[in-house]
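Q: final_0.csv is reproduced below (CSV, C-alpha atoms).
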```csv
chain,number,residue,atom,x,y,z
J,185,MET,CA,91.1,63.9,110.5
J,186,ALA,CA,90.5,67.0,108.3
J,187,ILE,CA,87.5,68.0,106.3
J,188,GLN,CA,87.4,70.4,103.3
J,189,THR,CA,84.1,71.2,101.5
J,190,GLU,CA,83.3,73.0,98.3
J,191,GLU,CA,80.3,73.6,96.2
J,192,ASP,CA,80.5,73.7,92.4
J,193,GLN,CA,77.5,73.7,90.1
J,194,GLY,CA,75.2,71.8,92.4
J,195,THR,CA,77.8,69.3,93.5
J,196,TRP,CA,78.8,69.5,97.2
J,197,THR,CA,82.2,67.8,97.6
J,198,VAL,CA,83.4,66.8,101.0
J,199,ARG,CA,87.1,65.8,101.1
J,200,VAL,CA,88.1,63.8,104.1
J,201,SER,CA,91.6,63.0,105.1
J,202,GLY,CA,93.3,61.3,108.0
J,203,GLU,CA,91.7,58.9,110.5
J,204,VAL,CA,88.0,58.6,110.8
J,205,ASP,CA,87.0,56.9,114.1
J,206,LEU,CA,84.7,57.2,117.1
J,207,TYR,CA,86.4,60.5,118.0
J,208,SER,CA,86.4,62.1,114.6
J,209,SER,CA,83.3,60.8,112.8
J,210,PRO,CA,80.9,63.3,114.4
J,211,GLU,CA,82.8,66.0,112.5
J,212,MET,CA,82.5,64.1,109.3
J,213,ARG,CA,78.8,63.7,110.1
J,214,LYS,CA,78.3,67.5,110.1
J,215,ALA,CA,79.8,67.7,106.6
J,216,VAL,CA,77.9,64.8,105.0
J,217,VAL,CA,74.6,65.0,106.9
J,218,GLU,CA,74.0,68.4,108.6
J,219,GLU,CA,75.7,71.0,106.5
J,220,VAL,CA,74.9,70.0,103.0
J,221,PRO,CA,73.4,73.0,101.2
J,222,ALA,CA,69.8,72.5,100.0
J,223,SER,CA,70.9,73.5,96.5
J,224,ALA,CA,73.2,70.5,96.1
J,225,ASP,CA,72.0,67.8,93.6
J,226,VAL,CA,75.0,65.7,94.2
J,227,LEU,CA,76.9,64.9,97.4
J,228,ALA,CA,80.4,63.6,96.7
J,229,VAL,CA,82.5,62.3,99.5
J,230,ASP,CA,86.2,62.1,98.5
J,231,LEU,CA,87.8,59.4,100.5
J,232,GLU,CA,91.1,59.1,98.7
J,233,GLN,CA,93.2,60.5,101.6
J,234,VAL,CA,91.6,58.5,104.4
J,235,ALA,CA,94.2,56.5,106.2
J,236,TYR,CA,91.8,54.7,108.5
J,237,MET,CA,88.0,54.3,109.0
J,238,ASP,CA,86.1,52.4,111.6
J,239,SER,CA,82.4,51.4,111.7
J,240,SER,CA,81.3,54.7,113.1
J,241,GLY,CA,82.7,56.3,109.9
J,242,VAL,CA,80.8,53.7,107.8
J,243,ALA,CA,77.6,54.3,109.8
J,244,THR,CA,78.0,58.0,109.1
J,245,LEU,CA,78.3,57.4,105.4
J,246,VAL,CA,75.1,55.2,105.5
J,247,GLU,CA,73.4,58.1,107.2
J,248,GLY,CA,74.6,60.5,104.5
J,249,LEU,CA,73.3,58.1,101.9
J,250,ARG,CA,69.9,57.8,103.6
J,251,GLU,CA,69.6,61.5,104.1
J,252,SER,CA,70.6,62.2,100.5
J,253,SER,CA,68.0,59.7,99.2
J,254,SER,CA,65.3,61.4,101.1
J,255,GLN,CA,66.3,64.7,99.5
J,256,ASN,CA,66.5,63.1,96.0
J,257,ARG,CA,70.2,63.9,96.0
J,258,ARG,CA,72.8,61.6,94.5
J,259,PHE,CA,75.3,60.4,97.0
J,260,VAL,CA,78.6,59.1,95.7
J,261,LEU,CA,81.9,58.0,97.2
J,262,LEU,CA,85.0,59.2,95.3
J,263,ARG,CA,88.2,57.1,95.1
J,264,PRO,CA,87.8,55.2,98.5
J,265,SER,CA,91.3,54.4,99.8
J,266,PRO,CA,92.2,50.8,100.6
J,267,PRO,CA,91.4,51.0,104.3
J,268,VAL,CA,88.0,52.5,103.4
J,269,ARG,CA,87.3,49.7,100.9
J,270,LYS,CA,88.3,47.2,103.5
J,271,VAL,CA,85.9,48.4,106.2
J,272,LEU,CA,83.1,48.7,103.7
J,273,GLU,CA,83.7,45.1,102.6
J,274,LEU,CA,83.9,43.8,106.2
J,275,SER,CA,80.7,45.7,106.9
J,276,ARG,CA,79.1,44.0,103.9
J,277,LEU,CA,78.2,47.5,102.6
J,278,ASP,CA,80.5,47.8,99.6
J,279,MET,CA,77.6,47.1,97.2
J,280,VAL,CA,75.3,49.7,98.8
J,281,PHE,CA,77.2,52.7,97.7
J,282,ASP,CA,77.7,54.4,94.4
J,283,ILE,CA,81.5,54.4,94.1
J,284,GLU,CA,83.5,56.4,91.5
J,285,GLU,CA,87.1,55.9,90.8
J,286,GLY,CA,87.4,58.4,87.9
J,287,ASP,CA,89.3,61.7,87.7
J,288,GLU,CA,87.8,64.9,88.8
Q,213,MET,CA,101.6,32.2,130.3
Q,214,ASN,CA,102.1,35.9,130.9
Q,215,PRO,CA,100.4,38.3,128.5
Q,216,ASP,CA,102.7,40.2,126.1
Q,217,VAL,CA,100.7,43.3,126.8
Q,218,ARG,CA,98.4,44.7,129.4
Q,219,LEU,CA,97.1,48.2,128.6
Q,220,GLU,CA,94.7,50.2,130.7
Q,221,VAL,CA,93.1,53.0,128.6
Q,222,ARG,CA,90.7,55.6,129.9
Q,223,ALA,CA,87.5,55.3,128.0
Q,224,ASP,CA,88.0,58.4,125.9
Q,225,PRO,CA,87.5,58.2,122.1
Q,226,LYS,CA,90.4,60.6,121.7
Q,227,LEU,CA,92.8,57.9,123.0
Q,228,LEU,CA,91.8,55.2,120.4
Q,229,ARG,CA,94.2,56.6,117.8
Q,230,ALA,CA,97.2,56.0,120.1
Q,231,VAL,CA,95.9,52.5,120.9
Q,232,ARG,CA,95.8,51.7,117.2
Q,233,ALA,CA,99.3,53.0,116.6
Q,234,PHE,CA,100.6,50.8,119.4
Q,235,LEU,CA,98.7,47.8,118.1
Q,236,ARG,CA,100.0,48.3,114.6
Q,237,SER,CA,103.5,48.5,115.9
Q,238,TYR,CA,103.1,45.4,118.1
Q,239,LEU,CA,101.6,43.3,115.3
Q,240,GLU,CA,104.4,44.3,113.0
Q,241,SER,CA,106.9,43.2,115.6
Q,242,GLN,CA,105.1,39.8,115.7
Q,243,GLY,CA,105.7,39.4,112.0
Q,244,LEU,CA,102.0,39.7,111.0
Q,245,GLY,CA,101.6,41.1,107.4
Q,246,ALA,CA,100.4,44.6,106.9
Q,247,GLU,CA,96.9,43.7,105.6
Q,248,ALA,CA,96.2,41.1,108.4
Q,249,ALA,CA,97.6,43.6,111.0
Q,250,ALA,CA,95.3,46.4,109.7
Q,251,ASN,CA,92.3,44.0,110.1
Q,252,VAL,CA,93.2,43.1,113.6
Q,253,VAL,CA,93.7,46.8,114.5
Q,254,LEU,CA,90.3,47.6,113.1
Q,255,ALA,CA,88.5,44.7,115.0
Q,256,VAL,CA,90.2,45.6,118.3
Q,257,ASP,CA,89.4,49.3,117.8
Q,258,GLU,CA,85.7,48.3,117.3
Q,259,ALA,CA,85.8,46.3,120.6
Q,260,CYS,CA,87.2,49.3,122.5
Q,261,ALA,CA,84.8,51.7,120.8
Q,262,ASN,CA,81.9,49.4,121.9
Q,263,SER,CA,83.0,49.6,125.5
Q,264,ILE,CA,83.3,53.4,125.3
Q,265,ARG,CA,79.9,53.8,123.6
Q,266,HIS,CA,77.7,51.1,125.0
Q,267,ALA,CA,79.2,50.1,128.3
Q,268,TYR,CA,80.4,53.5,129.5
Q,269,HIS,CA,78.0,55.7,127.4
Q,270,PHE,CA,80.9,58.0,126.6
Q,271,SER,CA,81.6,58.6,130.3
Q,272,THR,CA,85.4,59.1,130.0
Q,273,THR,CA,86.2,58.2,133.6
Q,274,GLY,CA,85.8,54.5,132.8
Q,275,VAL,CA,88.7,52.3,131.9
Q,276,VAL,CA,89.1,49.8,129.0
Q,277,ASP,CA,91.5,46.9,129.7
Q,278,LEU,CA,93.4,45.4,126.8
Q,279,VAL,CA,95.3,42.2,127.2
Q,280,ILE,CA,97.3,40.5,124.4
Q,281,LEU,CA,98.6,37.0,124.6
Q,282,ALA,CA,100.6,35.4,121.8
Q,283,ASP,CA,102.2,32.0,121.2
Q,284,ASP,CA,103.4,30.0,118.3
Q,285,ALA,CA,99.8,29.1,117.3
Q,286,GLY,CA,98.3,32.6,117.3
Q,287,LEU,CA,97.1,35.7,119.0
Q,288,GLU,CA,94.5,36.3,121.7
Q,289,VAL,CA,93.2,39.8,122.4
Q,290,GLN,CA,90.9,40.5,125.4
Q,291,VAL,CA,89.0,43.8,125.7
Q,292,ALA,CA,87.3,44.3,129.1
Q,293,ASP,CA,85.4,47.1,130.8
Q,294,GLN,CA,83.5,47.7,134.0
Q,295,GLY,CA,80.6,49.5,132.4
Q,296,GLU,CA,77.0,48.4,131.8
Q,297,THR,CA,76.7,44.7,130.9
Q,298,ALA,CA,75.8,44.2,127.3
Q,299,ASP,CA,72.7,42.3,126.0
Q,300,PRO,CA,74.4,39.1,124.7
Q,301,THR,CA,72.0,38.8,121.9
Q,302,LEU,CA,73.5,41.9,120.3
Q,303,LEU,CA,76.9,40.2,120.3
Q,304,ARG,CA,76.0,37.2,118.2
Q,305,ARG,CA,77.3,36.6,114.8
Q,306,ARG,CA,74.9,37.4,112.0
Q,307,GLU,CA,75.3,36.4,108.4
Q,308,LEU,CA,73.3,38.2,105.8
Q,309,GLY,CA,71.2,36.8,103.0
Q,310,ALA,CA,71.8,37.8,99.4
Q,311,GLY,CA,70.9,41.4,98.8
Q,312,GLU,CA,70.3,42.0,102.5
Q,313,VAL,CA,71.7,45.2,103.8
Q,314,GLN,CA,73.5,45.4,107.1
Q,315,PRO,CA,71.5,47.7,109.4
Q,316,PRO,CA,73.9,50.1,111.2
Q,317,ALA,CA,72.3,49.1,114.6
Q,318,PRO,CA,74.1,50.3,117.7
Q,319,GLY,CA,77.4,48.3,118.0
Q,320,GLY,CA,76.1,46.0,115.3
Q,321,LEU,CA,78.6,46.8,112.6
Q,322,GLY,CA,81.6,46.7,114.9
Q,323,VAL,CA,80.6,43.3,116.3
Q,324,GLN,CA,80.2,41.8,112.9
Q,325,ILE,CA,83.6,43.2,111.9
Q,326,MET,CA,85.2,41.5,115.0
Q,327,TYR,CA,83.7,38.1,113.9
Q,328,ARG,CA,84.9,38.5,110.3
Q,329,VAL,CA,88.5,39.4,111.3
Q,330,PHE,CA,89.1,36.9,114.1
Q,331,ASP,CA,88.7,33.1,113.9
Q,332,GLU,CA,86.9,33.0,117.3
Q,333,VAL,CA,85.0,35.7,119.3
Q,334,SER,CA,83.5,35.0,122.7
Q,335,TYR,CA,81.7,37.3,125.1
Q,336,ALA,CA,81.3,37.0,128.8
Q,337,PRO,CA,80.0,39.4,131.5
Q,338,GLY,CA,82.7,40.5,133.9
Q,339,GLU,CA,82.9,39.0,137.4
Q,340,ARG,CA,81.8,42.3,139.0
Q,341,GLY,CA,79.7,43.7,136.1
Q,342,GLY,CA,81.1,44.9,132.9
Q,343,ASN,CA,82.0,42.9,129.8
Q,344,ARG,CA,84.9,40.9,128.4
Q,345,VAL,CA,85.3,40.1,124.8
Q,346,THR,CA,88.0,37.5,123.9
Q,347,MET,CA,89.1,37.2,120.3
Q,348,ARG,CA,91.5,34.6,118.8
Q,349,LEU,CA,93.3,34.4,115.6
Q,350,ALA,CA,95.6,31.7,114.3
Q,351,TRP,CA,98.7,33.1,112.6
Q,352,PRO,CA,98.1,33.0,108.9
Q,353,GLY,CA,99.8,30.1,107.2
Q,354,GLY,CA,99.5,27.7,110.1
Q,355,ALA,CA,101.1,27.2,113.5
Q,356,GLY,CA,104.3,29.1,114.1
Q,357,ALA,CA,104.1,30.6,110.5
Q,358,ALA,CA,104.5,34.1,111.6
Q,359,PRO,CA,108.1,34.9,112.4
Q,360,ARG,CA,107.8,36.0,116.0
Q,361,GLY,CA,109.9,38.5,117.8
Q,362,GLY,CA,113.1,40.1,116.7
Q,363,ALA,CA,115.6,38.3,114.6
```
Spell out the structure here as structure tokens.

A:
Amino acid sequence: MAIQTEEDQGTWTVRVSGEVDLYSSPEMRKAVVEEVPASADVLAVDLEQVAYMDSSGVATLVEGLRESSSQNRRFVLLRPSPPVRKVLELSRLDMVFDIEEGDE
Amino acid sequence: MNPDVRLEVRADPKLLRAVRAFLRSYLESQGLGAEAAANVVLAVDEACANSIRHAYHFSTTGVVDLVILADDAGLEVQVADQGETADPTLLRRRELGAGEVQPPAPGGLGVQIMYRVFDEVSYAPGERGGNRVTMRLAWPGGAGAAPRGGA
């Protein structure tokens, strides 16, 4: 798994690629829960390049969503890849997230 | 019947990726379609992850045993550990009401994924402590539908 982050006009974007599992999800947690700058109004997690995600990845996204809500920050999933959609659906959490398919 | 596969994996999260790669390749060789195979890989990964997390509490000296049996009717996957025995009430199937949100309770999501992917999931404590989860899936399309083995 690899993580890239950037901040642009109040939007903190976290680009995740590769396989998110029990081993790698703590690193994703840092980027979507711990290291989000206080100045960010929007936290966008780009999941287009994610080849695999397990429930620890889903739980991390839920934590990011909760943390963002408590900070009055918008939390959005960008272009979730088919494996991400699948695990969200199997977790019955696909309706919980704000999902954007659009271009940058 | 002898199992197709017996795999002993040290309870290290870092090894799960290799287990998934093996499973994907095995299921493909059994003729299971890519989407169904991806679901099985996810559910088995969840069972292994639960052993690592909840039975061994991330102590990487433990071992997770994976056994795969296959016949014309379907597939059986057993995941066993010798760690702390789980509370069986945490391993029940739960269906959610409308608008209800799945709480990401410890192990909760993974267990529900296992139930949703496999036709049958059963849990038993091991003979000498530990846990064994047995998951069964009929080949999609009915008995013998999946073209098994090499041509």

Q: At a cut-off of 8 Å, can you tabulate as JSON lines every residue of chain J near chain Q together with its closest atom pair and the distance in Å to one decimal, using only C-alpha atoms and ordering rows by chain then number?

A:
```
{"residue": "J:Leu206", "atom": "CA", "partner": "Q:Pro225", "partner_atom": "CA", "distance": 5.8}
{"residue": "J:Tyr207", "atom": "CA", "partner": "Q:Pro225", "partner_atom": "CA", "distance": 4.8}
{"residue": "J:Asp238", "atom": "CA", "partner": "Q:Leu254", "partner_atom": "CA", "distance": 6.6}
{"residue": "J:Ser239", "atom": "CA", "partner": "Q:Gly322", "partner_atom": "CA", "distance": 5.7}
{"residue": "J:Ala243", "atom": "CA", "partner": "Q:Pro316", "partner_atom": "CA", "distance": 5.8}
{"residue": "J:Val246", "atom": "CA", "partner": "Q:Pro316", "partner_atom": "CA", "distance": 7.7}
{"residue": "J:Leu274", "atom": "CA", "partner": "Q:Ile325", "partner_atom": "CA", "distance": 5.7}
{"residue": "J:Ser275", "atom": "CA", "partner": "Q:Leu321", "partner_atom": "CA", "distance": 6.2}
{"residue": "J:Arg276", "atom": "CA", "partner": "Q:Gln314", "partner_atom": "CA", "distance": 6.6}
{"residue": "J:Leu277", "atom": "CA", "partner": "Q:Gln314", "partner_atom": "CA", "distance": 6.8}
{"residue": "J:Val280", "atom": "CA", "partner": "Q:Val313", "partner_atom": "CA", "distance": 7.6}
```

Q: Quick one: residues within 9 Å of Glu284 (chain J), all atoms listed in the file counted, chain neighbours fewer than 4 positions away excluded, as a VMD selection string?

A: chain J and resid 260 to 264

Q: Of the candidates J:Ser240, J:Ser201, J:Ser208, J:Ser252, which shows the shortest atom-to-atom distance to Ser265 (chain J), using all atoms listed in the file?

A: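 Smallest distance to Ser265 (chain J) is found for J:Ser201.
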
Q: Give me the residues near Ser209 (chain J) as a list of chain:residue names, where near means some atom within 10 Å (using only C-alpha atoms) and where sequence neighbours in that chain fewer than 4 positions away do not count.

A: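 Using only C-alpha atoms, the neighbours found are J:Met185, J:Glu203, J:Val204, J:Asp205, J:Arg213, J:Lys214, J:Ala215, J:Met237, J:Asp238, J:Ser239, J:Ser240, J:Gly241, J:Val242, J:Ala243, J:Thr244, J:Leu245.
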
Q: For Thr301 (chain Q), which of Q:Gln242, Q:Tyr335, Q:Val217, Q:Ala223 is the closest residue, counting all atoms listed in the file?

A: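 Ranking Q:Gln242, Q:Tyr335, Q:Val217, Q:Ala223 by distance to Thr301 (chain Q), first place goes to Q:Tyr335.
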
Q: For a quick check of your reading of the model, name the residues lying within 10 Å of the coordinate (96.9, 47.8, 104.9), counting only C-alpha atoms, and write them as a PyMOL selection string.

A: (chain J and resi 235-236+266-267+270) or (chain Q and resi 245-251)

Q: Check the smallest atom-to-atom distance from each of J:Trp196, J:Val226, J:Met212, J:Ala186 to Phe259 (chain J) using all atoms listed in the file, then report the winner.

A: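 Among the listed residues, J:Val226 lies closest to Phe259 (chain J).
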
Q: Please compute the CA of Ile280 (chain Q)-CA of Leu244 (chain Q) distance, one decimal, in Å.

A: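 Distance between the two atoms: 14.2 Å.
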
Q: For CA of Glu219 (chain J) and CA of Leu272 (chain J), determine how far apart the two atoms are, in Å to one decimal place.

A: 23.7 Å

Q: Go ahead and compute the interatomic distance for CA of Gly338 (chain Q) and CA of Gly295 (chain Q), in Å to one decimal.

A: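 Distance between the two atoms: 9.4 Å.
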
Q: Which residue, Q:His266, Q:Arg344, Q:Arg218, Q:Arg306, has the smallest gap to Phe234 (chain Q) when you use only C-alpha atoms?

A: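 Smallest distance to Phe234 (chain Q) is found for Q:Arg218.
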
Q: What's around Met347 (chain Q) at 7 Å? Count only C-alpha atoms, leave out sequence neighbours fewer than 5 positions away in its own chain, and write the answer as an MDAnalysis selection string.

A: chainID Q and resid 288:290 330 332:334

Q: Out of J:Val216, J:Ala222, J:Val234, J:Val268, which residue has the shortest atom-to-atom distance to Thr197 (chain J) when counting only C-alpha atoms?

A: J:Val216

Q: Considering all atoms listed in the file, return as a list in words whatever protein or nucleic-acid residues lie within 6 Å of Gly286 (chain Q), sequence-local ones (same chain, fewer than 6 positions apart) excluded.

A: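 Those residues are Leu349, Ala350 and Trp351 of chain Q.
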